[in-house]
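J.: For reference, the file final-v9.cif (mmCIF, C-alpha atoms) is included below:
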data_input
loop_
_atom_site.label_atom_id
_atom_site.label_comp_id
_atom_site.auth_asym_id
_atom_site.auth_seq_id
_atom_site.Cartn_x
_atom_site.Cartn_y
_atom_site.Cartn_z
CA MET A 93 10.77 9.74 -16.15
CA ALA A 94 9.91 7.37 -13.32
CA PRO A 95 12.64 5.89 -11.12
CA ILE A 96 14.19 2.71 -12.43
CA PHE A 97 13.22 -0.44 -10.61
CA GLY A 98 15.15 -3.58 -11.47
CA VAL A 99 17.09 -3.00 -14.70
CA TRP A 100 18.35 -6.56 -14.93
CA ILE A 101 16.53 -9.44 -16.61
CA LEU A 102 15.11 -11.81 -14.06
CA CYS A 103 13.72 -15.31 -14.11
CA LEU A 104 10.50 -14.79 -12.20
CA PHE A 105 7.68 -17.00 -11.04
CA SER A 106 4.21 -15.77 -10.15
CA PHE A 107 2.37 -17.16 -7.15
CA SER A 108 -0.45 -16.11 -4.89
CA LEU A 109 -0.15 -13.84 -1.86
CA ALA A 110 -0.87 -16.82 0.35
CA ASP A 111 2.42 -18.36 -0.82
CA SER A 112 4.55 -15.39 0.22
CA ALA A 113 6.65 -15.39 3.36
CA ASP A 114 4.66 -15.11 6.59
CA ASP A 115 5.75 -11.67 7.71
CA SER A 116 2.39 -10.50 9.07
CA SER A 117 4.01 -9.74 12.43
CA LEU A 118 5.81 -6.83 10.74
CA LEU A 119 2.55 -5.12 9.76
CA GLY A 120 1.47 -2.01 11.60
CA SER A 121 -2.20 -1.16 12.11
CA ALA A 122 -2.51 1.43 9.32
CA ARG A 123 -4.11 0.39 6.04
CA VAL A 124 -4.29 2.22 2.73
CA VAL A 125 -6.66 1.45 -0.13
CA PHE A 126 -6.01 2.43 -3.76
CA GLN A 127 -9.27 2.40 -5.71
CA THR A 128 -8.35 1.78 -9.35
CA ASN A 129 -10.47 1.43 -12.47
CA TYR A 130 -9.77 -2.33 -12.26
CA GLY A 131 -10.54 -2.83 -8.56
CA ASP A 132 -9.20 -2.04 -5.11
CA ILE A 133 -5.77 -2.79 -3.67
CA GLU A 134 -5.26 -2.58 0.09
CA PHE A 135 -1.86 -2.56 1.73
CA GLY A 136 -0.25 -2.18 5.12
CA PHE A 137 3.11 -0.86 6.29
CA TYR A 138 6.24 -2.24 7.96
CA PRO A 139 7.08 0.61 10.38
CA SER A 140 9.81 -1.37 12.15
CA VAL A 141 11.54 -2.18 8.84
CA ALA A 142 11.46 1.19 7.06
CA PRO A 143 10.12 3.89 9.42
CA ILE A 144 11.21 6.89 7.32
CA THR A 145 9.75 5.46 4.13
CA VAL A 146 6.51 4.45 5.83
CA GLU A 147 6.02 7.89 7.34
CA HIS A 148 6.68 9.53 3.96
CA ILE A 149 4.37 7.33 1.88
CA TYR A 150 1.60 7.46 4.48
CA LYS A 151 1.81 11.26 4.52
CA LEU A 152 1.59 11.36 0.72
CA VAL A 153 -1.55 9.23 0.94
CA ARG A 154 -3.08 11.46 3.62
CA LEU A 155 -2.37 14.52 1.46
CA GLY A 156 -4.17 12.84 -1.45
CA CYS A 157 -1.05 12.79 -3.61
CA TYR A 158 -1.81 9.44 -5.24
CA ASN A 159 -5.33 10.45 -6.33
CA THR A 160 -5.53 10.54 -10.18
CA ASN A 161 -2.05 8.95 -10.40
CA HIS A 162 -1.54 5.67 -12.28
CA PHE A 163 0.43 2.44 -12.67
CA PHE A 164 2.82 3.24 -15.50
CA ARG A 165 4.36 -0.22 -15.56
CA VAL A 166 2.92 -3.74 -15.32
CA ASP A 167 5.45 -6.49 -15.96
CA LYS A 168 3.67 -9.81 -15.42
CA GLY A 169 5.40 -11.93 -12.77
CA PHE A 170 7.64 -9.03 -11.81
CA VAL A 171 6.17 -5.67 -10.74
CA ALA A 172 3.27 -3.27 -11.04
CA GLN A 173 4.85 0.13 -10.54
CA VAL A 174 3.10 3.32 -9.42
CA ALA A 175 4.29 6.44 -11.24
CA ASP A 176 5.98 9.30 -9.43
CA VAL A 177 3.12 11.56 -8.38
CA ALA A 178 4.81 14.73 -9.65
CA GLY A 179 4.43 13.51 -13.24
CA GLY A 180 1.81 10.77 -13.01
CA ARG A 181 -1.27 12.64 -11.76
CA THR A 182 -3.88 14.15 -14.03
CA ALA A 183 -4.91 16.64 -11.33
CA PRO A 184 -2.59 19.55 -10.46
CA MET A 185 -0.73 19.45 -7.15
CA ASN A 186 -0.88 22.10 -4.46
CA ASP A 187 2.25 23.50 -2.78
CA GLU A 188 2.11 21.14 0.21
CA GLN A 189 1.71 18.08 -1.99
CA ARG A 190 4.53 19.17 -4.28
CA LYS A 191 6.88 19.85 -1.37
CA GLU A 192 6.31 16.47 0.28
CA ALA A 193 6.40 14.50 -2.98
CA GLY A 194 9.74 16.02 -3.95
CA LYS A 195 11.57 14.95 -0.79
CA PRO A 196 14.31 12.35 -1.40
CA ILE A 197 14.07 9.46 1.05
CA LYS A 198 17.03 7.69 2.60
CA GLY A 199 17.30 4.10 1.40
CA GLU A 200 16.18 1.73 4.17
CA PHE A 201 17.39 -1.68 3.00
CA SER A 202 16.47 -4.75 5.03
CA ASP A 203 16.49 -8.54 5.07
CA VAL A 204 12.81 -8.76 4.11
CA LYS A 205 12.46 -10.69 0.84
CA HIS A 206 11.00 -9.45 -2.43
CA VAL A 207 8.06 -11.82 -2.94
CA ARG A 208 4.59 -11.36 -4.42
CA GLY A 209 2.62 -8.63 -2.68
CA ILE A 210 5.63 -6.79 -1.23
CA LEU A 211 5.82 -3.00 -1.63
CA SER A 212 9.24 -1.70 -2.62
CA MET A 213 10.40 1.81 -3.43
CA GLY A 214 11.53 2.81 -6.89
CA ARG A 215 14.69 4.92 -7.13
CA TYR A 216 17.47 6.10 -9.43
CA SER A 217 21.06 4.91 -9.14
CA ASP A 218 21.51 6.93 -5.94
CA PRO A 219 20.31 4.66 -3.08
CA ASP A 220 18.84 7.72 -1.35
CA SER A 221 16.86 9.00 -4.35
CA ALA A 222 13.43 7.40 -3.73
CA GLN A 223 10.49 9.83 -3.72
CA SER A 224 6.94 8.63 -4.41
CA SER A 225 7.15 5.88 -7.03
CA PHE A 226 6.92 2.34 -5.69
CA SER A 227 6.31 -1.16 -6.96
CA ILE A 228 4.05 -4.00 -5.94
CA LEU A 229 5.88 -7.27 -6.50
CA LEU A 230 4.05 -9.71 -8.77
CA GLY A 231 6.51 -12.53 -8.28
CA ASN A 232 9.64 -13.72 -6.57
CA ALA A 233 12.55 -11.34 -7.29
CA PRO A 234 15.46 -12.27 -4.98
CA ARG A 235 17.97 -10.16 -6.92
CA LEU A 236 16.16 -7.05 -5.70
CA ASP A 237 16.82 -7.97 -2.06
CA HIS A 238 18.96 -5.39 -0.22
CA GLU A 239 18.84 -3.13 -3.30
CA TYR A 240 15.40 -1.55 -2.91
CA ALA A 241 13.62 -0.42 0.25
CA ILE A 242 10.72 -2.66 1.26
CA PHE A 243 8.12 -0.83 3.34
CA GLY A 244 4.93 -2.93 3.35
CA LYS A 245 2.78 -5.52 1.64
CA VAL A 246 -0.59 -5.97 -0.03
CA THR A 247 -3.21 -7.19 2.44
CA LYS A 248 -6.19 -7.41 0.05
CA GLY A 249 -6.58 -7.15 -3.70
CA ASP A 250 -4.71 -10.03 -5.29
CA GLU A 251 -7.63 -10.44 -7.72
CA THR A 252 -7.05 -6.87 -8.87
CA LEU A 253 -3.34 -7.55 -9.36
CA LYS A 254 -4.22 -10.59 -11.50
CA LYS A 255 -6.47 -8.40 -13.65
CA LEU A 256 -3.64 -5.92 -14.15
CA GLU A 257 -1.29 -8.71 -15.20
CA GLU A 258 -3.64 -9.75 -17.99
CA LEU A 259 -3.89 -6.30 -19.60
CA PRO A 260 -2.26 -5.71 -23.02
CA THR A 261 1.21 -4.18 -22.75
CA ARG A 262 3.90 -2.60 -24.89
CA GLN A 263 7.68 -2.54 -24.48
CA GLU A 264 9.39 0.82 -24.08
CA GLY A 265 13.08 0.44 -23.35
CA ILE A 266 13.43 -1.63 -20.18
CA PHE A 267 9.80 -1.03 -19.21
CA VAL A 268 6.76 -3.20 -19.93
CA MET A 269 3.89 -0.73 -19.90
CA PRO A 270 0.10 -1.17 -20.07
CA ILE A 271 -1.54 0.12 -23.22
CA GLU A 272 -4.58 1.28 -21.25
CA ARG A 273 -4.18 3.73 -18.38
CA ILE A 274 -4.54 2.09 -14.96
CA THR A 275 -5.80 5.03 -12.94
CA ILE A 276 -5.76 5.35 -9.15
CA LEU A 277 -9.17 6.99 -8.99
CA SER A 278 -9.03 7.74 -5.26
CA THR A 279 -7.41 6.59 -2.04
CA TYR A 280 -8.39 6.29 1.59
CA TYR A 281 -6.81 5.03 4.79
CA TYR A 282 -7.90 3.64 8.13
CA ASP A 283 -6.46 2.08 11.26
CA THR A 284 -7.31 -1.52 12.12
CA GLU A 285 -6.81 -0.91 15.84
CA MET A 286 -9.16 2.06 15.83
CA GLU A 287 -11.73 0.06 13.90
CA THR A 288 -11.51 -2.68 16.52
CA CYS A 289 -11.74 -0.09 19.28
CA GLN A 290 -14.89 1.40 17.78
CA GLU A 291 -16.44 -2.06 17.57
CA ASP A 292 -15.52 -2.74 21.21
CA LYS A 293 -17.05 0.57 22.27
CA SER A 294 -20.26 -0.29 20.46
CA ILE A 295 -20.47 -3.68 22.19
CA LEU A 296 -19.74 -2.08 25.57
CA LYS A 297 -22.48 0.53 25.05
CA ARG A 298 -25.02 -2.17 24.24
CA ARG A 299 -24.03 -4.18 27.32
CA LEU A 300 -24.21 -1.11 29.56
CA ALA A 301 -27.62 -0.23 28.17
CA ALA A 302 -28.86 -3.78 28.78
CA SER A 303 -27.44 -3.68 32.32
CA ALA A 304 -29.19 -0.38 33.01
CA VAL A 305 -32.50 -1.86 31.88
CA GLU A 306 -32.02 -4.89 34.14
CA ILE A 307 -31.08 -2.75 37.15
CA GLU A 308 -34.15 -0.58 36.65
CA ARG A 309 -36.35 -3.67 36.34
CA GLN A 310 -35.00 -5.07 39.62
CA ARG A 311 -35.38 -1.67 41.31
CA MET A 312 -39.01 -1.40 40.28
CA LYS A 313 -39.62 -4.97 41.45
CA CYS A 314 -38.05 -4.53 44.89
CA PHE A 315 -38.72 -0.83 45.50
CA PRO A 316 -42.06 0.06 43.90
#
If you convert what's in this file into structure tokens, what do you get?
T.:
Amino acid sequence: MAPIFGVWILCLFSFSLADSADDSSLLGSARVVFQTNYGDIEFGFYPSVAPITVEHIYKLVRLGCYNTNHFFRVDKGFVAQVADVAGGRTAPMNDEQRKEAGKPIKGEFSDVKHVRGILSMGRYSDPDSAQSSFSILLGNAPRLDHEYAIFGKVTKGDETLKKLEELPTRQEGIFVMPIERITILSTYYYDTEMETCQEDKSILKRRLAASAVEIERQRMKCFP
């Protein structure tokens, strides 16, 4: 069974990512993309807010642990929750994946607010029981503040989240679950600083090449 995230009944309001708190300064340079059968979702991390959680989730992504996993819960205006990888994948796990996914993570609770687009760890009643399940907030949920560890936010993919919210669901206990499987087909990651660096290198190479051509032209003109 997946970790419980928000047992209480909440009065929630959905709004766009643009309306969420401006906490872009917390974002690190790493980006992760989940490619689902309903579109892509990109997110970044808050390394200064939850360094242990960020390192753990990013390692799970790099190991490919979320590939073939799924969103087991979509509660419109509340959360879209990723299943624990140990039970949510269709592909078998290797020993390294299983070892990392099974590690309990210390709860890193902060003053960052639970608003649409925020990533927040799922857990059991033990505050230090988070593993690999996490939720993407689909609305304002202030009663979750200081109770669940926030570690990042969605940077692209709000249209995909809106698609997920419109899917047919069924109630199972406290969970609102999609009738159709929302599969995380594959994942990849990149670094925005490295991407910028590569672009800068390309520009520099072009400028150096142009300079070399000009120098040779002047040399041939003055020193035939």
J.: Evaluate the PyMOL selection byres ((chain A and resi 245) around 7) here and jot the selected residues down as a PDB file with C-alpha atoms, keeping the file's coordinate frame.
T.:
ATOM      1  CA  PHE A 135      -1.860  -2.560   1.730  1.00  0.00           C
ATOM      2  CA  GLY A 136      -0.250  -2.180   5.120  1.00  0.00           C
ATOM      3  CA  PHE A 137       3.110  -0.860   6.290  1.00  0.00           C
ATOM      4  CA  GLY A 209       2.620  -8.630  -2.680  1.00  0.00           C
ATOM      5  CA  ILE A 210       5.630  -6.790  -1.230  1.00  0.00           C
ATOM      6  CA  LEU A 211       5.820  -3.000  -1.630  1.00  0.00           C
ATOM      7  CA  GLY A 244       4.930  -2.930   3.350  1.00  0.00           C
ATOM      8  CA  VAL A 246      -0.590  -5.970  -0.030  1.00  0.00           C
ATOM      9  CA  THR A 247      -3.210  -7.190   2.440  1.00  0.00           C
TER      10      THR A 247
END
J.: List as CSV every residue of region 132-212 of chain A that is in contact with region 275-299 of chain A, defined as an atom at most 10 Å from one of its atoms (using all atoms listed in the file), together with the nearest atom pair and the distance in Å rounded to one decimal, sorted by chain and then rising number.
T.:
residue,atom,partner,partner_atom,distance
A:Asp132,CA,A:Ile276,CA,9.1
A:Ile133,CA,A:Thr279,CA,9.7
A:Glu134,CA,A:Tyr281,CA,9.1
A:Phe135,CA,A:Tyr281,CA,9.6
A:Gly136,CA,A:Asp283,CA,9.7
A:Tyr150,CA,A:Tyr281,CA,8.8
A:Val153,CA,A:Thr279,CA,7.1
A:Arg154,CA,A:Tyr281,CA,7.5
A:Gly156,CA,A:Thr279,CA,7.1
A:Cys157,CA,A:Thr279,CA,9.0
A:Tyr158,CA,A:Ile276,CA,6.9
A:Asn159,CA,A:Ser278,CA,4.7
A:Thr160,CA,A:Leu277,CA,5.2
A:Asn161,CA,A:Ile276,CA,5.3
A:His162,CA,A:Thr275,CA,4.4
A:Phe163,CA,A:Thr275,CA,6.8
A:Phe164,CA,A:Thr275,CA,9.2
A:Val174,CA,A:Ile276,CA,9.1
A:Gly180,CA,A:Thr275,CA,9.5
A:Arg181,CA,A:Thr275,CA,8.9
A:Thr182,CA,A:Thr275,CA,9.4
J.: So which residues get picked by the PyMOL selection byres ((chain A and resi 170) around 6) here, written as a ChimeraX atom specification?
T.: /A:167-169,171,229-231
J.: Would you kindly translate the PyMOL selection byres ((chain A and resi 239) around 9) into the concrete residues it picks from this file, as an mmCIF file with C-alpha atoms, keeping the file's coordinate frame?
T.:
data_model
loop_
_atom_site.group_PDB
_atom_site.id
_atom_site.type_symbol
_atom_site.label_atom_id
_atom_site.label_comp_id
_atom_site.auth_asym_id
_atom_site.auth_seq_id
_atom_site.Cartn_x
_atom_site.Cartn_y
_atom_site.Cartn_z
ATOM 1 C CA GLY A 98 15.150 -3.580 -11.470
ATOM 2 C CA GLY A 199 17.300 4.100 1.400
ATOM 3 C CA PHE A 201 17.390 -1.680 3.000
ATOM 4 C CA SER A 202 16.470 -4.750 5.030
ATOM 5 C CA PRO A 219 20.310 4.660 -3.080
ATOM 6 C CA ARG A 235 17.970 -10.160 -6.920
ATOM 7 C CA LEU A 236 16.160 -7.050 -5.700
ATOM 8 C CA ASP A 237 16.820 -7.970 -2.060
ATOM 9 C CA HIS A 238 18.960 -5.390 -0.220
ATOM 10 C CA TYR A 240 15.400 -1.550 -2.910
ATOM 11 C CA ALA A 241 13.620 -0.420 0.250
#
J.: Can you work out the spacing between CA of Ser212 (chain A) and CA of Asn186 (chain A) in Å, to one decimal?
T.: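 A separation of 25.9 Å between them.
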J.: Grab the CA of Ala222 (chain A) to CA of Tyr130 (chain A) distance for me, in Å with one decimal place.
T.: 26.6 Å
J.: For Ala172 (chain A), which residue out of A:Asp187, A:Glu257, A:Asp203, A:Glu251 is the nearest one, using only C-alpha atoms?
T.: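 Once distances to Ala172 (chain A) are computed over only C-alpha atoms, the minimum belongs to A:Glu257.
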J.: Could you check how far CA of Val204 (chain A) sits from CA of Met269 (chain A), in Å to one decimal?
T.: 26.8 Å
J.: A:Cys314, A:Ile266, A:Ala301, A:Ala122: which is nearest Lys151 (chain A), counting only C-alpha atoms?
T.: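 Of all the options, A:Ala122 lies closest to Lys151 (chain A).
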J.: With 6 Å on each side, where is the centre of the axis-aligned box around all listed atoms of region 128-141 of chain A, and how long are its edges in Å to one decimal, as AutoDock Vina command-line options?
T.:
--center_x 0.5 --center_y -0.5 --center_z -0.2 --size_x 34.1 --size_y 16.6 --size_z 36.6
J.: Would you please work out which residue, of A:Asn232, A:Gly131, A:Ile274, A:Glu200, is nearest to Thr261 (chain A) when using only C-alpha atoms?
T.: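 With only C-alpha atoms as the atom set, the closest residue is A:Ile274.
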J.: From the set A:Leu118, A:Val177, A:Ile242, A:Ala142, which residue has the shortest atom-to-atom contact distance to Leu155 (chain A), counting all atoms listed in the file?
T.: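 The answer is A:Val177, which sits nearest to Leu155 (chain A).
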J.: Select, from A:Ile228, A:Ser117, A:Asp220, A:Lys191, the residue with the minimum atom-to-atom distance to Gly249 (chain A), counting all atoms listed in the file.
T.: A:Ile228
J.: So that I can see what lies close to Ala178 (chain A), please list as a PDB file with C-alpha atoms, in the frame of the given file the residues with an atom at most 10 Å from it, counting only C-alpha atoms and leaving out residues fewer than 6 positions away in the same chain.
T.:
ATOM      1  CA  ALA A  94       9.910   7.370 -13.320  1.00  0.00           C
ATOM      2  CA  CYS A 157      -1.050  12.790  -3.610  1.00  0.00           C
ATOM      3  CA  TYR A 158      -1.810   9.440  -5.240  1.00  0.00           C
ATOM      4  CA  ASN A 161      -2.050   8.950 -10.400  1.00  0.00           C
ATOM      5  CA  PRO A 184      -2.590  19.550 -10.460  1.00  0.00           C
ATOM      6  CA  MET A 185      -0.730  19.450  -7.150  1.00  0.00           C
ATOM      7  CA  GLN A 189       1.710  18.080  -1.990  1.00  0.00           C
ATOM      8  CA  ARG A 190       4.530  19.170  -4.280  1.00  0.00           C
ATOM      9  CA  LYS A 191       6.880  19.850  -1.370  1.00  0.00           C
ATOM     10  CA  ALA A 193       6.400  14.500  -2.980  1.00  0.00           C
ATOM     11  CA  GLY A 194       9.740  16.020  -3.950  1.00  0.00           C
ATOM     12  CA  GLN A 223      10.490   9.830  -3.720  1.00  0.00           C
ATOM     13  CA  SER A 224       6.940   8.630  -4.410  1.00  0.00           C
ATOM     14  CA  SER A 225       7.150   5.880  -7.030  1.00  0.00           C
TER      15      SER A 225
END
J.: Looking at A:Leu256, A:Thr145, A:Ala183, A:Val166, which one is nearest to Ser221 (chain A), with distances taken over all atoms listed in the file?
T.: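 Counting all atoms listed in the file, the residue closest to Ser221 (chain A) is A:Thr145.
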